[in-house]
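Inspection log for the structure reproduced underneath, given as structure tokens.
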Amino acid sequence: MPRSALEQIAERRVPGSGPINIHPVATGLVNRSCRVVRDGNSFSMRVVAEGATDLGLDRAWECRVLERAATAGLAPRVECCAPEEGILVAAWANGRTWSAEEACGPEHVDQMAELLRRVHALPIPQPPRVMSAGAWISHYAAAAARRKAGVARSAALRANAMTHLGRLGATPAPPAVLCHSDLHRLNIVDDRPGGGLILLDWEYAHVADGFWDLAGWIANNDWTEDTAARLLRSYLRRAAFPAESARLGALRWLYDYVCLQWSEIYLNQRAGPDSDEVDARAERLAERLGCGSGGRAG
């Protein structure tokens with residue numbers, strides 16, 4: 001989308017009447033994000049990316065989720081949510097992100113567990129958007145097929161994913177909760193002393209097993225087993241049962257698999273300054289999933 005088009009959207013959708021200053025932030029598979037400054041105030045503006053990949057998102061449902069999350073102090077205040085146009089404008093979240101070292105520190109592990117409990121306690125908008133690890137895998141596989149992007153690299157790896165899904169299906173699932181589903185350090189802003197942690201980018205939010213969010217945070221931070229166990233214990237506020245630890249392990253493997261799918265679609269669709277980083281991440285995920293030499297069993 002040309003910059004002039006972004007300016008036209010901002011003039012219509014960003015509060016205020018003064019001139020517009022736009023600062024690009026990021027472009028992903030589904031969205032393009034920028035910071036907009038107007039009348040001395042800063043806003044986050046998100047629009048649909050050019051050639052966006054269909055990953056089964058529900059932007060209207062996201063708007064309803066954001067209303068609840070913002071009211072609970074878990075997301076920035078929404079200024080404009082126009083799902084039919086793919087436009088979202090929110091107050092800019094001031095603060096900082098954690099470093100990788102900070103994220104795995106005991107204090108921040110416990111703080112993240114408390115944040116996840118608050119997210120999972122949010123009221124679920126009706127009708128609910130229910131998803132599962134298997135549904136995400138199917139959406140990404142379909143997106144890859146449309147773009148002729150190789151996903152999962154081998155039939156053996158795809159079969160392993162089906163095995164992990166079978167393990168989940170064979171154990172009792174906990175009550176479904178509202179999950180953020182895209183938890184990584186750049187999506188969490190620490191605005192203390194303003195009020196704690198703020199979560200960004202809720203477009204993947206859905207109703208599922210709350211352990212999916214724990215799996216995502218653990219996987220995206222490349223945590224050790226000991227740190228992962230501390231997060232689970234802090235989240236549960238007690239020692240985990242063996243079945244709970246096993247369920248989280250299966251979801252961690254599946255989350256890594258979905259991230260590998262995303263990485264391959266991204267590399268097929270976009271060539272840019274982030275490609276080397278995404279490619280390196282894909283290689284790390286493939287190794288961890290067991291492509292070739294071991295990997296985490298889950």
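Each chain of the structure tokens is named A, B, ... in the order shown, its residues numbered from 1; ligands are numbered from 1 in display order.
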Taking the DSSP assignment computed from this structure's backbone, write out as a tab-separated table (two decimals) with C-alpha atoms, in the first residue's frame all residues of region 27-130 of chain A that belong to strand (DSSP E or B).
chain	number	residue	atom	x	y	z
A	27	THR	CA	4.80	-5.87	7.89
A	31	ASN	CA	-1.02	-6.94	8.65
A	32	ARG	CA	1.03	-3.81	8.15
A	33	SER	CA	1.59	-1.74	11.31
A	34	CYS	CA	2.77	1.82	11.84
A	35	ARG	CA	2.97	4.50	14.49
A	36	VAL	CA	0.93	7.60	13.75
A	37	VAL	CA	1.56	10.91	15.51
A	38	ARG	CA	-1.19	13.54	15.40
A	41	ASN	CA	-0.54	12.07	20.47
A	42	SER	CA	0.75	8.70	19.31
A	43	PHE	CA	-1.36	5.87	17.97
A	44	SER	CA	-0.84	2.40	16.60
A	45	MET	CA	-2.52	1.90	13.21
A	46	ARG	CA	-2.83	-1.51	11.61
A	47	VAL	CA	-4.08	-2.22	8.09
A	48	VAL	CA	-4.30	-5.35	5.99
A	78	VAL	CA	-9.10	1.09	20.92
A	79	GLU	CA	-9.86	4.28	18.96
A	80	CYS	CA	-11.21	2.70	15.77
A	81	CYS	CA	-11.93	-0.90	14.84
A	82	ALA	CA	-13.27	-1.35	11.30
A	87	ILE	CA	-8.32	-1.20	10.01
A	88	LEU	CA	-7.46	-1.00	13.70
A	89	VAL	CA	-6.34	2.16	15.51
A	90	ALA	CA	-5.39	2.09	19.18
A	91	ALA	CA	-3.54	4.24	21.67
A	96	ARG	CA	9.51	-1.32	26.97
A	130	VAL	CA	-13.02	-21.76	18.90
Coordinates-based distance that separates CA of Asn94 (chain A) from CA of Asp191 (chain A) (Å, one decimal):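 Interatomic distance here is 6.1 Å.
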Every residue of region 148-235 of chain A that DSSP places in alpha helix (DSSP H), as a PyMOL selection string: chain A and resi 155-169+211-220+225-235
Based on the selection just made, write C-alpha atoms of those residues as a compact mmCIF listing (two decimals), in the first residue's frame.
# COMPACT_ATOMS: atom_id res chain seq x y z
CA ALA A 155 6.00 -36.54 5.59
CA ALA A 156 7.57 -37.92 8.78
CA LEU A 157 7.29 -34.55 10.49
CA ARG A 158 3.67 -34.17 9.43
CA ALA A 159 2.98 -37.64 10.78
CA ASN A 160 4.63 -36.67 14.06
CA ALA A 161 2.26 -33.70 14.27
CA MET A 162 -0.69 -36.05 13.89
CA THR A 163 0.75 -38.21 16.68
CA HIS A 164 0.92 -35.24 19.04
CA LEU A 165 -2.62 -34.24 18.13
CA GLY A 166 -3.70 -37.79 18.92
CA ARG A 167 -2.07 -37.57 22.32
CA LEU A 168 -4.02 -34.42 23.08
CA GLY A 169 -7.26 -36.02 21.95
CA PHE A 211 -1.96 -24.24 27.94
CA TRP A 212 -1.69 -23.12 24.29
CA ASP A 213 -0.62 -19.67 25.51
CA LEU A 214 1.88 -21.17 27.92
CA ALA A 215 3.27 -23.31 25.11
CA GLY A 216 3.64 -20.27 22.87
CA TRP A 217 5.48 -18.19 25.46
CA ILE A 218 7.82 -21.08 26.30
CA ALA A 219 8.49 -21.92 22.65
CA ASN A 220 9.06 -18.35 21.51
CA GLU A 225 12.63 -27.53 30.75
CA ASP A 226 13.25 -26.11 34.23
CA THR A 227 12.00 -22.63 33.27
CA ALA A 228 9.00 -24.11 31.47
CA ALA A 229 8.15 -26.16 34.56
CA ARG A 230 8.34 -23.04 36.75
CA LEU A 231 5.88 -21.20 34.48
CA LEU A 232 3.43 -24.10 34.62
CA ARG A 233 3.73 -24.39 38.40
CA SER A 234 3.29 -20.64 38.86
CA TYR A 235 0.31 -20.58 36.49
Nearest-residue call for Leu289 (chain A), choices A:Leu178, A:Asp190, A:Ser154, A:His120, using only C-alpha atoms: A:Ser154
Pick from A:Glu11, A:Ala250, A:Tyr266, A:Ser99, whichever lies nearest to His184 (chain A) using only C-alpha atoms: A:Ser99
Excluding Ala103 (chain A) and its own-chain neighbours fewer than 3 positions away, which residues fall within 10 Å of it when counting only C-alpha atoms? Please give them as a JSON list (two decimals) with N, CA and C atoms, in the first residue's frame.
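selection14.json was written with the following content:
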[["chain", "number", "residue", "atom", "x", "y", "z"],
["A", 97, "THR", "N", 9.95, -3.49, 26.09],
["A", 97, "THR", "CA", 9.85, -4.95, 26.05],
["A", 97, "THR", "C", 10.94, -5.56, 26.91],
["A", 98, "TRP", "N", 10.71, -6.77, 27.35],
["A", 98, "TRP", "CA", 11.72, -7.47, 28.13],
["A", 98, "TRP", "C", 12.82, -8.00, 27.22],
["A", 99, "SER", "N", 14.02, -8.07, 27.76],
["A", 99, "SER", "CA", 15.09, -8.79, 27.06],
["A", 99, "SER", "C", 14.87, -10.29, 27.25],
["A", 100, "ALA", "N", 15.56, -11.09, 26.45],
["A", 100, "ALA", "CA", 15.45, -12.54, 26.58],
["A", 100, "ALA", "C", 15.88, -12.99, 27.98],
["A", 106, "PRO", "N", 13.15, -15.53, 37.31],
["A", 106, "PRO", "CA", 12.04, -16.02, 38.15],
["A", 106, "PRO", "C", 10.93, -15.00, 38.36],
["A", 107, "GLU", "N", 11.29, -13.73, 38.61],
["A", 107, "GLU", "CA", 10.27, -12.71, 38.85],
["A", 107, "GLU", "C", 9.38, -12.53, 37.62],
["A", 108, "HIS", "N", 9.99, -12.50, 36.44],
["A", 108, "HIS", "CA", 9.22, -12.28, 35.22],
["A", 108, "HIS", "C", 8.45, -13.53, 34.80],
["A", 109, "VAL", "N", 8.97, -14.69, 35.11],
["A", 109, "VAL", "CA", 8.21, -15.93, 34.86],
["A", 109, "VAL", "C", 6.92, -15.90, 35.67],
["A", 110, "ASP", "N", 7.02, -15.54, 36.93],
["A", 110, "ASP", "CA", 5.83, -15.48, 37.78],
["A", 110, "ASP", "C", 4.89, -14.36, 37.34],
["A", 111, "GLN", "N", 5.45, -13.24, 36.90],
["A", 111, "GLN", "CA", 4.62, -12.14, 36.42],
["A", 111, "GLN", "C", 3.87, -12.55, 35.15],
["A", 112, "MET", "N", 4.53, -13.32, 34.30],
["A", 112, "MET", "CA", 3.87, -13.79, 33.08],
["A", 112, "MET", "C", 2.75, -14.77, 33.42],
["A", 184, "HIS", "N", 4.89, -13.34, 22.24],
["A", 184, "HIS", "CA", 6.34, -13.24, 22.18],
["A", 184, "HIS", "C", 6.73, -11.89, 22.76],
["A", 185, "ARG", "N", 8.00, -11.68, 23.00],
["A", 185, "ARG", "CA", 8.44, -10.51, 23.77],
["A", 185, "ARG", "C", 8.05, -9.18, 23.12],
["A", 217, "TRP", "N", 4.49, -19.01, 24.77],
["A", 217, "TRP", "CA", 5.48, -18.19, 25.46],
["A", 217, "TRP", "C", 6.77, -18.98, 25.69],
["A", 218, "ILE", "N", 6.64, -20.23, 26.08],
["A", 218, "ILE", "CA", 7.82, -21.08, 26.30],
["A", 218, "ILE", "C", 8.58, -21.29, 24.99],
["A", 221, "ASN", "N", 10.43, -18.22, 23.52],
["A", 221, "ASN", "CA", 11.59, -17.80, 24.30],
["A", 221, "ASN", "C", 12.67, -18.88, 24.38],
["A", 223, "TRP", "N", 12.87, -21.68, 25.98],
["A", 223, "TRP", "CA", 13.17, -21.93, 27.38],
["A", 223, "TRP", "C", 13.66, -23.36, 27.63]]
Set out as JSON lines a contact list for region 150-254 of chain A and region 53-61 of chain A with a cut-off of 12 Å, giving each residue of region 150-254 of chain A that qualifies its closest atom pair and distance in Å to one decimal, counting only C-alpha atoms, ordered by chain and rising residue number.
{"residue": "A:Leu178", "atom": "CA", "partner": "A:Trp61", "partner_atom": "CA", "distance": 11.7}
{"residue": "A:Ser181", "atom": "CA", "partner": "A:Leu57", "partner_atom": "CA", "distance": 11.9}
{"residue": "A:Asp201", "atom": "CA", "partner": "A:Arg59", "partner_atom": "CA", "distance": 11.4}
{"residue": "A:Trp202", "atom": "CA", "partner": "A:Arg59", "partner_atom": "CA", "distance": 9.5}
{"residue": "A:Glu203", "atom": "CA", "partner": "A:Arg59", "partner_atom": "CA", "distance": 6.6}
{"residue": "A:Tyr204", "atom": "CA", "partner": "A:Leu57", "partner_atom": "CA", "distance": 6.5}
{"residue": "A:Ala205", "atom": "CA", "partner": "A:Trp61", "partner_atom": "CA", "distance": 8.7}
{"residue": "A:His206", "atom": "CA", "partner": "A:Trp61", "partner_atom": "CA", "distance": 8.8}
{"residue": "A:Val207", "atom": "CA", "partner": "A:Trp61", "partner_atom": "CA", "distance": 11.1}
Which residue of A:Ala75, A:Ala93, A:Ala282, A:Leu6 approaches Ile20 (chain A) most closely, using only C-alpha atoms: A:Leu6
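Rounded to one decimal, CA of Pro76 (chain A) and CA of Ile22 (chain A) lie 18.7 Å from each other.
Compared by their closest atoms to Leu254 (chain A), and using only C-alpha atoms, the residues A:Asp279, A:Gly40, A:Ser132, A:Pro123 rank with A:Ser132 nearest.
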